[in-house]
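What's in entry.cif: mmCIF, C-alpha atoms
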```cif
data_coords
loop_
_atom_site.group_PDB
_atom_site.id
_atom_site.type_symbol
_atom_site.label_atom_id
_atom_site.label_comp_id
_atom_site.auth_asym_id
_atom_site.auth_seq_id
_atom_site.Cartn_x
_atom_site.Cartn_y
_atom_site.Cartn_z
ATOM 1 C CA SER A 1330 -18.049 -6.567 -77.531
ATOM 2 C CA SER A 1331 -20.135 -4.589 -75.076
ATOM 3 C CA PRO A 1332 -19.079 -4.360 -71.403
ATOM 4 C CA GLY A 1333 -22.223 -6.250 -70.386
ATOM 5 C CA LEU A 1334 -21.390 -9.139 -72.685
ATOM 6 C CA ARG A 1335 -17.786 -9.247 -71.520
ATOM 7 C CA GLU A 1336 -18.903 -9.965 -67.952
ATOM 8 C CA ASN A 1337 -20.441 -13.243 -69.114
ATOM 9 C CA ILE A 1338 -17.242 -14.598 -70.654
ATOM 10 C CA MET A 1339 -15.368 -17.085 -68.495
ATOM 11 C CA GLN A 1340 -12.203 -19.085 -68.919
ATOM 12 C CA ILE A 1341 -12.330 -22.844 -68.455
ATOM 13 C CA ARG A 1342 -9.177 -24.850 -67.861
ATOM 14 C CA TYR A 1343 -9.274 -28.434 -69.073
ATOM 15 C CA GLY A 1344 -6.807 -31.250 -69.509
ATOM 16 C CA TYR A 1345 -5.902 -34.880 -69.002
ATOM 17 C CA ARG A 1346 -3.003 -37.056 -67.899
ATOM 18 C CA ILE A 1347 -3.049 -40.668 -69.069
ATOM 19 C CA GLU A 1348 -0.367 -43.312 -68.591
ATOM 20 C CA LEU A 1349 -0.424 -46.541 -70.578
ATOM 21 C CA LEU A 1350 1.781 -49.534 -69.847
ATOM 22 C CA CYS A 1351 2.523 -52.075 -72.584
ATOM 23 C CA GLN A 1352 5.096 -54.823 -73.089
ATOM 24 C CA HIS A 1353 5.294 -54.356 -76.856
ATOM 25 C CA ASP A 1354 4.872 -51.478 -79.300
ATOM 26 C CA LEU A 1355 1.207 -50.420 -79.197
ATOM 27 C CA PRO A 1356 -0.482 -48.756 -82.190
ATOM 28 C CA LEU A 1357 -2.923 -46.196 -80.775
ATOM 29 C CA ILE A 1358 -5.574 -43.796 -82.052
ATOM 30 C CA THR A 1359 -6.760 -41.071 -79.682
ATOM 31 C CA MET A 1360 -9.746 -38.745 -79.836
ATOM 32 C CA LEU A 1361 -8.888 -36.307 -77.040
ATOM 33 C CA ASP A 1362 -8.622 -32.938 -78.805
ATOM 34 C CA VAL A 1363 -11.267 -30.263 -78.411
ATOM 35 C CA HIS A 1364 -13.662 -30.460 -81.384
ATOM 36 C CA PRO A 1365 -12.968 -28.190 -84.391
ATOM 37 C CA SER A 1366 -16.227 -26.336 -83.693
ATOM 38 C CA ARG A 1367 -14.676 -24.990 -80.448
ATOM 39 C CA ARG A 1368 -11.093 -24.413 -81.648
ATOM 40 C CA HIS A 1369 -11.760 -20.692 -82.162
ATOM 41 C CA ASP A 1370 -12.530 -20.437 -78.417
ATOM 42 C CA LEU A 1371 -9.127 -21.757 -77.329
ATOM 43 C CA VAL A 1372 -7.055 -19.199 -75.416
ATOM 44 C CA ARG A 1373 -3.853 -21.078 -76.262
ATOM 45 C CA PRO A 1374 -2.936 -24.246 -78.185
ATOM 46 C CA ASP A 1375 -3.491 -27.511 -76.336
ATOM 47 C CA GLU A 1376 -1.018 -29.767 -78.091
ATOM 48 C CA MET A 1377 -0.773 -33.304 -76.744
ATOM 49 C CA LEU A 1378 2.492 -34.173 -75.031
ATOM 50 C CA VAL A 1379 3.500 -37.807 -75.616
ATOM 51 C CA ARG A 1380 6.481 -39.131 -73.670
ATOM 52 C CA SER A 1381 7.966 -42.596 -73.281
ATOM 53 C CA LEU A 1382 7.831 -43.834 -69.685
ATOM 54 C CA VAL A 1383 11.078 -45.758 -70.228
ATOM 55 C CA ASP A 1384 13.100 -43.173 -72.170
ATOM 56 C CA PRO A 1385 11.711 -39.607 -71.837
ATOM 57 C CA SER A 1386 14.157 -38.401 -74.514
ATOM 58 C CA LEU A 1387 12.629 -40.721 -77.135
ATOM 59 C CA HIS A 1388 10.702 -38.877 -79.863
ATOM 60 C CA ILE A 1389 7.294 -40.468 -80.538
ATOM 61 C CA PRO A 1390 5.856 -39.323 -83.892
ATOM 62 C CA VAL A 1391 2.169 -38.321 -83.777
ATOM 63 C CA ASN A 1392 0.051 -37.820 -86.889
ATOM 64 C CA GLN A 1393 -3.298 -36.015 -86.917
ATOM 65 C CA TYR A 1394 -6.348 -36.461 -89.142
ATOM 66 C CA LEU A 1395 -10.109 -35.826 -89.190
ATOM 67 C CA ASP A 1396 -12.452 -38.815 -89.111
ATOM 68 C CA GLN A 1397 -15.684 -39.095 -91.133
ATOM 69 C CA PHE A 1398 -17.602 -37.154 -88.467
ATOM 70 C CA GLY A 1399 -15.131 -34.269 -88.364
ATOM 71 C CA ASN A 1400 -13.474 -35.223 -85.075
ATOM 72 C CA ILE A 1401 -9.744 -34.687 -84.513
ATOM 73 C CA CYS A 1402 -7.839 -37.979 -84.211
ATOM 74 C CA ARG A 1403 -4.178 -38.626 -83.473
ATOM 75 C CA ARG A 1404 -2.347 -41.817 -84.312
ATOM 76 C CA MET A 1405 0.932 -43.010 -82.874
ATOM 77 C CA VAL A 1406 2.825 -46.101 -81.780
ATOM 78 C CA VAL A 1407 3.370 -46.224 -78.016
ATOM 79 C CA PRO A 1408 6.834 -47.771 -77.474
ATOM 80 C CA ALA A 1409 7.328 -50.885 -75.372
ATOM 81 C CA GLY A 1410 7.168 -49.935 -71.709
ATOM 82 C CA GLY A 1411 4.419 -47.401 -72.162
ATOM 83 C CA ALA A 1412 3.838 -43.681 -72.500
ATOM 84 C CA LEU A 1413 2.412 -40.602 -70.852
ATOM 85 C CA LEU A 1414 -0.253 -38.693 -72.806
ATOM 86 C CA GLN A 1415 -0.862 -35.251 -71.401
ATOM 87 C CA SER A 1416 -2.511 -32.000 -72.415
ATOM 88 C CA ASP A 1417 -4.000 -28.918 -70.843
ATOM 89 C CA GLY A 1418 -5.674 -25.901 -72.324
ATOM 90 C CA VAL A 1419 -7.933 -22.948 -71.642
ATOM 91 C CA VAL A 1420 -11.109 -22.188 -73.548
ATOM 92 C CA HIS A 1421 -13.304 -19.081 -73.630
ATOM 93 C CA ASP A 1422 -16.941 -19.716 -72.740
ATOM 94 C CA THR A 1423 -20.009 -17.468 -72.603
ATOM 95 C CA GLY A 1424 -20.642 -18.467 -69.004
ATOM 96 C CA GLU A 1425 -24.299 -18.894 -69.953
ATOM 97 C CA PRO A 1426 -26.304 -22.123 -69.617
ATOM 98 C CA GLU A 1427 -26.752 -23.878 -72.960
ATOM 99 C CA PRO A 1428 -29.818 -22.735 -74.943
ATOM 100 C CA VAL A 1429 -33.274 -24.235 -74.516
ATOM 101 C CA GLY A 1430 -35.478 -24.439 -77.616
ATOM 102 C CA LEU A 1431 -38.966 -24.451 -76.110
ATOM 103 C CA GLY A 1432 -40.698 -23.709 -79.409
ATOM 104 C CA ALA A 1433 -38.386 -25.764 -81.636
ATOM 105 C CA ARG A 1434 -40.277 -27.938 -84.088
ATOM 106 C CA GLU A 1435 -39.442 -31.298 -85.575
ATOM 107 C CA VAL A 1436 -38.182 -31.431 -89.151
ATOM 108 C CA LEU A 1437 -39.817 -34.113 -91.284
ATOM 109 C CA PRO A 1438 -37.382 -36.809 -92.442
ATOM 110 C CA SER A 1439 -38.100 -35.816 -96.043
ATOM 111 C CA ARG A 1440 -36.848 -32.291 -95.302
ATOM 112 C CA LEU A 1441 -33.793 -33.075 -93.212
ATOM 113 C CA PRO A 1442 -30.356 -32.059 -94.511
ATOM 114 C CA ASP A 1443 -28.423 -35.007 -95.921
ATOM 115 C CA GLU A 1444 -25.832 -34.961 -93.122
ATOM 116 C CA ALA A 1445 -28.543 -35.423 -90.455
ATOM 117 C CA LEU A 1446 -29.987 -38.618 -91.957
ATOM 118 C CA VAL A 1447 -27.315 -40.930 -90.534
ATOM 119 C CA TYR A 1448 -28.465 -39.870 -87.058
ATOM 120 C CA LEU A 1449 -31.886 -41.404 -87.664
ATOM 121 C CA LEU A 1450 -30.445 -44.881 -88.200
ATOM 122 C CA GLY A 1451 -29.707 -47.664 -85.762
ATOM 123 C CA SER A 1452 -26.083 -48.178 -84.719
ATOM 124 C CA ARG A 1453 -23.932 -50.473 -82.590
ATOM 125 C CA TYR A 1454 -25.278 -49.333 -79.199
ATOM 126 C CA CYS A 1455 -28.547 -47.774 -80.381
ATOM 127 C CA GLU A 1456 -30.939 -50.512 -81.547
ATOM 128 C CA THR A 1457 -33.821 -48.541 -83.002
ATOM 129 C CA ASP A 1458 -35.435 -51.754 -84.252
ATOM 130 C CA LYS A 1459 -35.749 -53.102 -80.699
ATOM 131 C CA LEU A 1460 -37.049 -49.944 -79.020
ATOM 132 C CA ALA A 1461 -39.343 -48.413 -81.664
ATOM 133 C CA PRO A 1462 -42.576 -49.924 -80.231
ATOM 134 C CA GLN A 1463 -41.735 -48.688 -76.720
ATOM 135 C CA ALA A 1464 -40.780 -45.241 -78.031
ATOM 136 C CA TRP A 1465 -44.080 -44.684 -79.825
ATOM 137 C CA SER A 1466 -46.062 -46.166 -76.953
ATOM 138 C CA LEU A 1467 -44.385 -43.870 -74.430
ATOM 139 C CA PHE A 1468 -44.071 -40.660 -76.445
ATOM 140 C CA GLY A 1469 -46.293 -40.886 -79.509
ATOM 141 C CA HIS A 1470 -49.101 -38.929 -77.804
ATOM 142 C CA ILE A 1471 -46.835 -36.033 -76.780
ATOM 143 C CA PRO A 1472 -46.754 -32.982 -79.106
ATOM 144 C CA ALA A 1473 -43.930 -33.251 -81.620
ATOM 145 C CA GLY A 1474 -40.882 -31.053 -81.208
ATOM 146 C CA TRP A 1475 -39.086 -29.832 -78.102
ATOM 147 C CA GLU A 1476 -41.829 -31.079 -75.782
ATOM 148 C CA ARG A 1477 -41.467 -34.648 -77.034
ATOM 149 C CA VAL A 1478 -37.653 -34.582 -76.783
ATOM 150 C CA GLN A 1479 -37.850 -33.200 -73.248
ATOM 151 C CA ALA A 1480 -40.261 -35.998 -72.369
ATOM 152 C CA VAL A 1481 -37.683 -38.515 -73.630
ATOM 153 C CA VAL A 1482 -34.969 -36.870 -71.528
ATOM 154 C CA ASP A 1483 -37.210 -36.800 -68.441
ATOM 155 C CA PHE A 1484 -38.055 -40.465 -68.913
ATOM 156 C CA VAL A 1485 -34.444 -41.622 -69.318
ATOM 157 C CA HIS A 1486 -33.324 -39.449 -66.407
ATOM 158 C CA ASN A 1487 -35.891 -41.120 -64.131
ATOM 159 C CA HIS A 1488 -35.801 -44.620 -65.650
ATOM 160 C CA LEU A 1489 -32.060 -45.235 -65.173
ATOM 161 C CA THR A 1490 -30.191 -45.220 -61.877
ATOM 162 C CA PHE A 1491 -26.698 -43.730 -62.186
ATOM 163 C CA GLY A 1492 -23.676 -45.396 -60.610
ATOM 164 C CA TYR A 1493 -20.026 -45.784 -61.621
ATOM 165 C CA HIS A 1494 -20.174 -49.395 -60.418
ATOM 166 C CA PHE A 1495 -22.843 -50.023 -63.086
ATOM 167 C CA ALA A 1496 -20.375 -49.274 -65.909
ATOM 168 C CA ARG A 1497 -20.195 -51.937 -68.632
ATOM 169 C CA ASN A 1498 -18.707 -51.018 -71.968
ATOM 170 C CA THR A 1499 -20.843 -53.489 -73.936
ATOM 171 C CA ARG A 1500 -24.247 -52.313 -72.605
ATOM 172 C CA THR A 1501 -26.595 -51.230 -75.385
ATOM 173 C CA ALA A 1502 -29.575 -48.882 -75.222
ATOM 174 C CA ALA A 1503 -32.049 -51.780 -75.205
ATOM 175 C CA GLU A 1504 -30.122 -53.440 -72.363
ATOM 176 C CA ALA A 1505 -30.059 -50.177 -70.403
ATOM 177 C CA PHE A 1506 -33.811 -49.886 -70.918
ATOM 178 C CA GLU A 1507 -34.291 -53.352 -69.410
ATOM 179 C CA GLU A 1508 -31.640 -53.166 -66.678
ATOM 180 C CA ARG A 1509 -32.542 -49.602 -65.600
ATOM 181 C CA VAL A 1510 -28.964 -48.764 -64.533
ATOM 182 C CA GLY A 1511 -25.950 -47.165 -66.157
ATOM 183 C CA VAL A 1512 -23.391 -44.388 -66.451
ATOM 184 C CA CYS A 1513 -23.577 -41.232 -68.566
ATOM 185 C CA ARG A 1514 -22.963 -43.088 -71.836
ATOM 186 C CA ASP A 1515 -25.966 -45.356 -71.136
ATOM 187 C CA PHE A 1516 -28.206 -42.344 -70.463
ATOM 188 C CA ALA A 1517 -27.041 -40.835 -73.758
ATOM 189 C CA HIS A 1518 -27.431 -44.063 -75.751
ATOM 190 C CA LEU A 1519 -30.973 -44.679 -74.522
ATOM 191 C CA ALA A 1520 -32.111 -41.098 -75.150
ATOM 192 C CA VAL A 1521 -30.478 -41.079 -78.604
ATOM 193 C CA THR A 1522 -32.189 -44.337 -79.531
ATOM 194 C CA LEU A 1523 -35.644 -43.251 -78.386
ATOM 195 C CA CYS A 1524 -35.324 -39.971 -80.316
ATOM 196 C CA ARG A 1525 -34.247 -41.787 -83.487
ATOM 197 C CA CYS A 1526 -37.197 -44.149 -83.121
ATOM 198 C CA LEU A 1527 -39.413 -41.031 -83.146
ATOM 199 C CA ASN A 1528 -37.749 -39.769 -86.367
ATOM 200 C CA ILE A 1529 -35.761 -37.088 -84.521
ATOM 201 C CA PRO A 1530 -32.057 -37.032 -85.508
ATOM 202 C CA ALA A 1531 -29.877 -37.544 -82.431
ATOM 203 C CA ARG A 1532 -26.096 -37.806 -82.146
ATOM 204 C CA TYR A 1533 -23.845 -38.947 -79.322
ATOM 205 C CA CYS A 1534 -21.272 -36.513 -77.887
ATOM 206 C CA ASN A 1535 -18.503 -36.604 -75.362
ATOM 207 C CA GLY A 1536 -16.188 -34.052 -73.866
ATOM 208 C CA TYR A 1537 -15.449 -31.999 -70.776
ATOM 209 C CA LEU A 1538 -18.134 -30.980 -68.280
ATOM 210 C CA GLY A 1539 -16.943 -29.433 -65.044
ATOM 211 C CA ASP A 1540 -18.982 -28.644 -61.940
ATOM 212 C CA ILE A 1541 -19.573 -25.034 -62.961
ATOM 213 C CA GLY A 1542 -22.724 -23.469 -61.568
ATOM 214 C CA VAL A 1543 -23.674 -26.689 -59.775
ATOM 215 C CA PRO A 1544 -22.598 -28.349 -56.491
ATOM 216 C CA LYS A 1545 -19.202 -30.052 -56.680
ATOM 217 C CA ASP A 1546 -19.300 -33.779 -57.370
ATOM 218 C CA PRO A 1547 -16.926 -35.521 -54.925
ATOM 219 C CA ALA A 1548 -16.166 -38.292 -57.446
ATOM 220 C CA PRO A 1549 -12.924 -37.971 -59.478
ATOM 221 C CA MET A 1550 -13.416 -36.016 -62.698
ATOM 222 C CA ASP A 1551 -13.964 -37.917 -65.912
ATOM 223 C CA PHE A 1552 -14.971 -37.189 -69.472
ATOM 224 C CA ASN A 1553 -18.732 -36.906 -69.944
ATOM 225 C CA ALA A 1554 -21.259 -38.154 -72.493
ATOM 226 C CA TRP A 1555 -24.389 -36.333 -73.645
ATOM 227 C CA PHE A 1556 -26.294 -35.962 -76.910
ATOM 228 C CA GLU A 1557 -27.638 -33.463 -79.419
ATOM 229 C CA VAL A 1558 -30.950 -33.403 -81.276
ATOM 230 C CA TYR A 1559 -31.827 -31.712 -84.556
ATOM 231 C CA LEU A 1560 -34.900 -29.502 -84.194
ATOM 232 C CA GLY A 1561 -35.990 -26.394 -86.046
ATOM 233 C CA GLY A 1562 -32.981 -26.384 -88.360
ATOM 234 C CA ARG A 1563 -30.233 -26.581 -85.693
ATOM 235 C CA TRP A 1564 -28.664 -28.917 -83.145
ATOM 236 C CA TYR A 1565 -29.536 -28.595 -79.458
ATOM 237 C CA THR A 1566 -27.517 -30.024 -76.570
ATOM 238 C CA MET A 1567 -29.411 -32.403 -74.262
ATOM 239 C CA ASP A 1568 -28.253 -34.335 -71.211
ATOM 240 C CA ALA A 1569 -30.395 -37.163 -69.856
ATOM 241 C CA ARG A 1570 -28.016 -37.817 -66.964
ATOM 242 C CA HIS A 1571 -28.168 -34.315 -65.465
ATOM 243 C CA ASN A 1572 -31.399 -33.092 -67.120
ATOM 244 C CA GLN A 1573 -30.633 -29.401 -66.768
ATOM 245 C CA PRO A 1574 -28.878 -26.814 -68.949
ATOM 246 C CA ARG A 1575 -25.238 -26.667 -67.910
ATOM 247 C CA ILE A 1576 -22.469 -24.063 -68.152
ATOM 248 C CA GLY A 1577 -19.103 -24.665 -69.780
ATOM 249 C CA ARG A 1578 -19.612 -27.873 -71.736
ATOM 250 C CA VAL A 1579 -16.668 -28.436 -74.137
ATOM 251 C CA VAL A 1580 -17.268 -31.011 -76.870
ATOM 252 C CA ILE A 1581 -14.465 -33.304 -78.006
ATOM 253 C CA ALA A 1582 -16.228 -35.633 -80.439
ATOM 254 C CA ARG A 1583 -19.585 -36.421 -82.025
ATOM 255 C CA GLY A 1584 -20.813 -39.593 -83.706
ATOM 256 C CA ARG A 1585 -23.551 -42.189 -83.953
ATOM 257 C CA ASP A 1586 -22.718 -43.698 -80.561
ATOM 258 C CA ALA A 1587 -19.753 -44.495 -78.299
ATOM 259 C CA THR A 1588 -18.167 -46.640 -81.037
ATOM 260 C CA ASP A 1589 -17.460 -43.547 -83.123
ATOM 261 C CA VAL A 1590 -16.030 -41.369 -80.347
ATOM 262 C CA ALA A 1591 -13.787 -43.713 -78.343
ATOM 263 C CA MET A 1592 -11.178 -41.668 -76.488
ATOM 264 C CA MET A 1593 -8.582 -44.325 -77.294
ATOM 265 C CA ASN A 1594 -8.529 -47.223 -79.736
ATOM 266 C CA SER A 1595 -5.533 -49.471 -79.115
ATOM 267 C CA PHE A 1596 -4.390 -52.449 -81.134
ATOM 268 C CA GLY A 1597 -2.722 -54.687 -78.579
ATOM 269 C CA PRO A 1598 -2.711 -55.449 -74.839
ATOM 270 C CA HIS A 1599 -1.981 -52.657 -72.363
ATOM 271 C CA VAL A 1600 -2.738 -51.496 -68.829
ATOM 272 C CA LEU A 1601 -4.206 -48.077 -68.002
ATOM 273 C CA GLN A 1602 -1.974 -47.017 -65.104
ATOM 274 C CA ARG A 1603 -3.193 -43.442 -64.659
ATOM 275 C CA PHE A 1604 -6.247 -41.552 -65.861
ATOM 276 C CA GLU A 1605 -6.846 -37.997 -64.664
ATOM 277 C CA VAL A 1606 -9.161 -35.367 -66.110
ATOM 278 C CA ILE A 1607 -9.553 -31.746 -65.062
ATOM 279 C CA THR A 1608 -12.241 -29.189 -65.977
ATOM 280 C CA GLU A 1609 -12.680 -26.059 -63.902
ATOM 281 C CA GLU A 1610 -13.284 -22.354 -64.146
ATOM 282 C CA ALA A 1611 -9.972 -20.477 -64.312
ATOM 283 C CA GLU A 1612 -9.149 -16.996 -63.129
ATOM 284 C CA GLU A 1613 -8.564 -14.704 -66.107
ATOM 285 C CA GLU A 1614 -4.984 -13.777 -65.094
ATOM 286 C CA ALA A 1615 -4.093 -17.426 -64.476
ATOM 287 C CA ALA A 1616 -5.537 -18.685 -67.726
ATOM 288 C CA LEU A 1617 -2.287 -18.353 -69.640
ATOM 289 C CA ALA A 1618 -0.189 -20.214 -67.067
ATOM 290 C CA PRO A 1619 0.050 -23.878 -68.090
ATOM 291 C CA MET A 1620 -0.854 -26.637 -65.659
ATOM 292 C CA VAL A 1621 1.812 -29.137 -64.671
ATOM 293 C CA PRO A 1622 1.410 -32.314 -62.614
ATOM 294 C CA ARG A 1623 3.255 -32.498 -59.302
ATOM 295 C CA ASN A 1624 2.786 -35.183 -56.651
ATOM 296 C CA GLY A 1625 -0.352 -36.426 -58.313
ATOM 297 C CA GLN A 1626 -1.982 -32.969 -58.458
ATOM 298 C CA TRP A 1627 -2.372 -30.388 -61.201
ATOM 299 C CA LEU A 1628 -0.657 -27.122 -60.313
ATOM 300 C CA GLN A 1629 -0.255 -23.879 -62.225
ATOM 301 C CA GLN A 1630 3.233 -23.198 -63.522
ATOM 302 C CA ALA A 1631 3.041 -19.737 -61.911
ATOM 303 C CA ALA A 1632 2.415 -21.281 -58.481
ATOM 304 C CA LEU A 1633 5.551 -23.398 -58.773
ATOM 305 C CA SER A 1634 7.997 -20.639 -59.650
#
```

With the file now loaded, output its structure as structure tokens.
Amino acid sequence: SSPGLRENIMQIRYGYRIELLCQHDLPLITMLDVHPSRRHDLVRPDEMLVRSLVDPSLHIPVNQYLDQFGNICRRMVVPAGGALLQSDGVVHDTGEPEPVGLGAREVLPSRLPDEALVYLLGSRYCETDKLAPQAWSLFGHIPAGWERVQAVVDFVHNHLTFGYHFARNTRTAAEAFEERVGVCRDFAHLAVTLCRCLNIPARYCNGYLGDIGVPKDPAPMDFNAWFEVYLGGRWYTMDARHNQPRIGRVVIARGRDATDVAMMNSFGPHVLQRFEVITEEAEEEAALAPMVPRNGQWLQQAALS
């Protein structure tokens, strides 16, 4: 690559540390791996470490598979007492804001690729049947294509008030529309639903989004939700919560809505004792040094030696 291009490449360190407590064996499916579409950008493997909280020497088998949307899933049985799930990795990124498709045109439903059709349909949290009249009333007069999608994003961004205390994992798009509050998943669900109502394929995404190129958010880091729309023969990233192109977004999973991309599906009672997420720009020399937790903080292995 040219020297000019090389200057735009950054390294992003990401990872999580999750502790689950359970009284009995707990079958678990996780969706925490970076999406296959970004695996080629990984600087080093980011294998999940799974360790029993009761007996750290216990081997916990983990099997991996791809779901129907192409996301990487892992299945395991967390032993009685609980387990630590931990991973950290480094990914190459262009360092550029995600592309904007100002001239992108809508593709008629009759001409969409087969795999995009499912993203026109209603789903668990995206009730297209309930919001179609509002969608056409609000956006039907706006020129089709990028301009109409941006109008949807602008509307959702302004219509909903963000707040972590508004989180409710059963809230649907129609309920968010009425209640006018939510967290990032509600912004994504409402925007996805309105786009589908307008015959624009839209899919729900989650993953890592650090405060790169924007002011630091004082709130603890978490995974983020956003969405993608199909215009002009390709998928574009959109974010109704932040409503601006961002740098360093790393997708984990895509699906119809939050049902399809749950970070963890467990089959039994448990308590989430610890949940930490990290996403930050890494210095090039430090990118190969793994992160390890110490006293509740993530530290580079090199800094500990």

Counting all atoms listed in the file, which residues of region 1541-1562 of chain A fall within 9 Å of region 1571-1591 of chain A, and what is the closest atom pair for each with its distance in Å at one decimal, ordered by chain and rising number, as JSON lines?
```
{"residue": "A:Ile1541", "atom": "CA", "partner": "A:Ile1576", "partner_atom": "CA", "distance": 6.0}
{"residue": "A:Gly1542", "atom": "CA", "partner": "A:Ile1576", "partner_atom": "CA", "distance": 6.6}
{"residue": "A:Val1543", "atom": "CA", "partner": "A:Arg1575", "partner_atom": "CA", "distance": 8.3}
{"residue": "A:Ala1554", "atom": "CA", "partner": "A:Ala1587", "partner_atom": "CA", "distance": 8.7}
{"residue": "A:Phe1556", "atom": "CA", "partner": "A:Arg1583", "partner_atom": "CA", "distance": 8.4}
{"residue": "A:Glu1557", "atom": "CA", "partner": "A:Arg1583", "partner_atom": "CA", "distance": 9.0}
```

Exercise for review: On this file, the PyMOL selection byres ((chain A and resi 1569) around 12) gives some set of residues; write that set as number ranges by chain.
Suggested key: A: 1478-1491, 1511-1521, 1523-1524, 1533, 1553-1557, 1566-1568, 1570-1575

Practice item. Quick one: pull the distance between CA of Ser1366 (chain A) and CA of Trp1475 (chain A), Å, one decimal. Key: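 Those two atoms sit 23.8 Å apart.
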
Review point. Got a sec to resolve the PyMOL selection byres ((chain A and resi 1373) around 9) on this structure and send the residues as a VMD selection string?
Key: chain A and resid 1370 to 1372 1374 to 1375 1418 to 1420 1617

Exercise for review: Specify as JSON, numbers by chain each residue included when the PyMOL selection byres ((chain A and resi 1401-1407) around 7) is applied to this file.
Suggested key: {"A": [1354, 1355, 1356, 1357, 1358, 1359, 1360, 1362, 1364, 1390, 1391, 1392, 1393, 1394, 1395, 1396, 1399, 1400, 1408, 1409, 1411, 1412]}

Practice item. Name the closest residue to Gln1463 (chain A) among the candidates A:Leu1387, A:Leu1527, A:Leu1350, A:Leu1437; distances are taken between atoms, counting only C-alpha atoms. Key: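 Ranked by minimum distance to Gln1463 (chain A), first place goes to A:Leu1527.
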
Pop region 1543-1554 of chain A out of the structure in the block and write N, CA, C and O atoms as a PDB file, in the first residue's frame.
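This is the output file decode.pdb:
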```pdb
ATOM      1  N   VAL A1543     -14.428  11.196  18.557  1.00  0.00           N
ATOM      2  CA  VAL A1543     -15.537  11.924  19.190  1.00  0.00           C
ATOM      3  C   VAL A1543     -15.190  12.118  20.664  1.00  0.00           C
ATOM      4  O   VAL A1543     -14.322  11.423  21.197  1.00  0.00           O
ATOM      5  N   PRO A1544     -15.864  13.046  21.357  1.00  0.00           N
ATOM      6  CA  PRO A1544     -15.601  13.218  22.797  1.00  0.00           C
ATOM      7  C   PRO A1544     -15.866  11.931  23.559  1.00  0.00           C
ATOM      8  O   PRO A1544     -16.768  11.165  23.228  1.00  0.00           O
ATOM      9  N   LYS A1545     -15.076  11.684  24.599  1.00  0.00           N
ATOM     10  CA  LYS A1545     -15.235  10.479  25.411  1.00  0.00           C
ATOM     11  C   LYS A1545     -16.573  10.491  26.143  1.00  0.00           C
ATOM     12  O   LYS A1545     -16.973  11.502  26.704  1.00  0.00           O
ATOM     13  N   ASP A1546     -17.250   9.362  26.120  1.00  0.00           N
ATOM     14  CA  ASP A1546     -18.489   9.195  26.873  1.00  0.00           C
ATOM     15  C   ASP A1546     -18.102   8.708  28.271  1.00  0.00           C
ATOM     16  O   ASP A1546     -17.440   7.679  28.402  1.00  0.00           O
ATOM     17  N   PRO A1547     -18.516   9.426  29.319  1.00  0.00           N
ATOM     18  CA  PRO A1547     -18.116   9.018  30.677  1.00  0.00           C
ATOM     19  C   PRO A1547     -18.773   7.721  31.147  1.00  0.00           C
ATOM     20  O   PRO A1547     -18.304   7.103  32.096  1.00  0.00           O
ATOM     21  N   ALA A1548     -19.848   7.298  30.488  1.00  0.00           N
ATOM     22  CA  ALA A1548     -20.536   6.069  30.901  1.00  0.00           C
ATOM     23  C   ALA A1548     -19.636   4.857  30.628  1.00  0.00           C
ATOM     24  O   ALA A1548     -18.812   4.877  29.712  1.00  0.00           O
ATOM     25  N   PRO A1549     -19.785   3.775  31.420  1.00  0.00           N
ATOM     26  CA  PRO A1549     -19.002   2.558  31.158  1.00  0.00           C
ATOM     27  C   PRO A1549     -19.255   2.051  29.740  1.00  0.00           C
ATOM     28  O   PRO A1549     -20.364   2.183  29.216  1.00  0.00           O
ATOM     29  N   MET A1550     -18.228   1.495  29.121  1.00  0.00           N
ATOM     30  CA  MET A1550     -18.373   0.996  27.752  1.00  0.00           C
ATOM     31  C   MET A1550     -19.324  -0.185  27.707  1.00  0.00           C
ATOM     32  O   MET A1550     -19.433  -0.955  28.651  1.00  0.00           O
ATOM     33  N   ASP A1551     -19.995  -0.315  26.573  1.00  0.00           N
ATOM     34  CA  ASP A1551     -20.929  -1.405  26.354  1.00  0.00           C
ATOM     35  C   ASP A1551     -20.854  -1.768  24.885  1.00  0.00           C
ATOM     36  O   ASP A1551     -20.243  -1.062  24.077  1.00  0.00           O
ATOM     37  N   PHE A1552     -21.473  -2.877  24.509  1.00  0.00           N
ATOM     38  CA  PHE A1552     -21.652  -3.156  23.095  1.00  0.00           C
ATOM     39  C   PHE A1552     -22.677  -2.166  22.534  1.00  0.00           C
ATOM     40  O   PHE A1552     -23.492  -1.621  23.277  1.00  0.00           O
ATOM     41  N   ASN A1553     -22.629  -1.946  21.234  1.00  0.00           N
ATOM     42  CA  ASN A1553     -23.520  -0.980  20.600  1.00  0.00           C
ATOM     43  C   ASN A1553     -24.403  -1.645  19.558  1.00  0.00           C
ATOM     44  O   ASN A1553     -24.054  -2.687  19.009  1.00  0.00           O
ATOM     45  N   ALA A1554     -25.538  -1.001  19.279  1.00  0.00           N
ATOM     46  CA  ALA A1554     -26.444  -1.460  18.221  1.00  0.00           C
ATOM     47  C   ALA A1554     -26.583  -0.360  17.183  1.00  0.00           C
ATOM     48  O   ALA A1554     -26.643   0.820  17.526  1.00  0.00           O
TER      49      ALA A1554
END
```
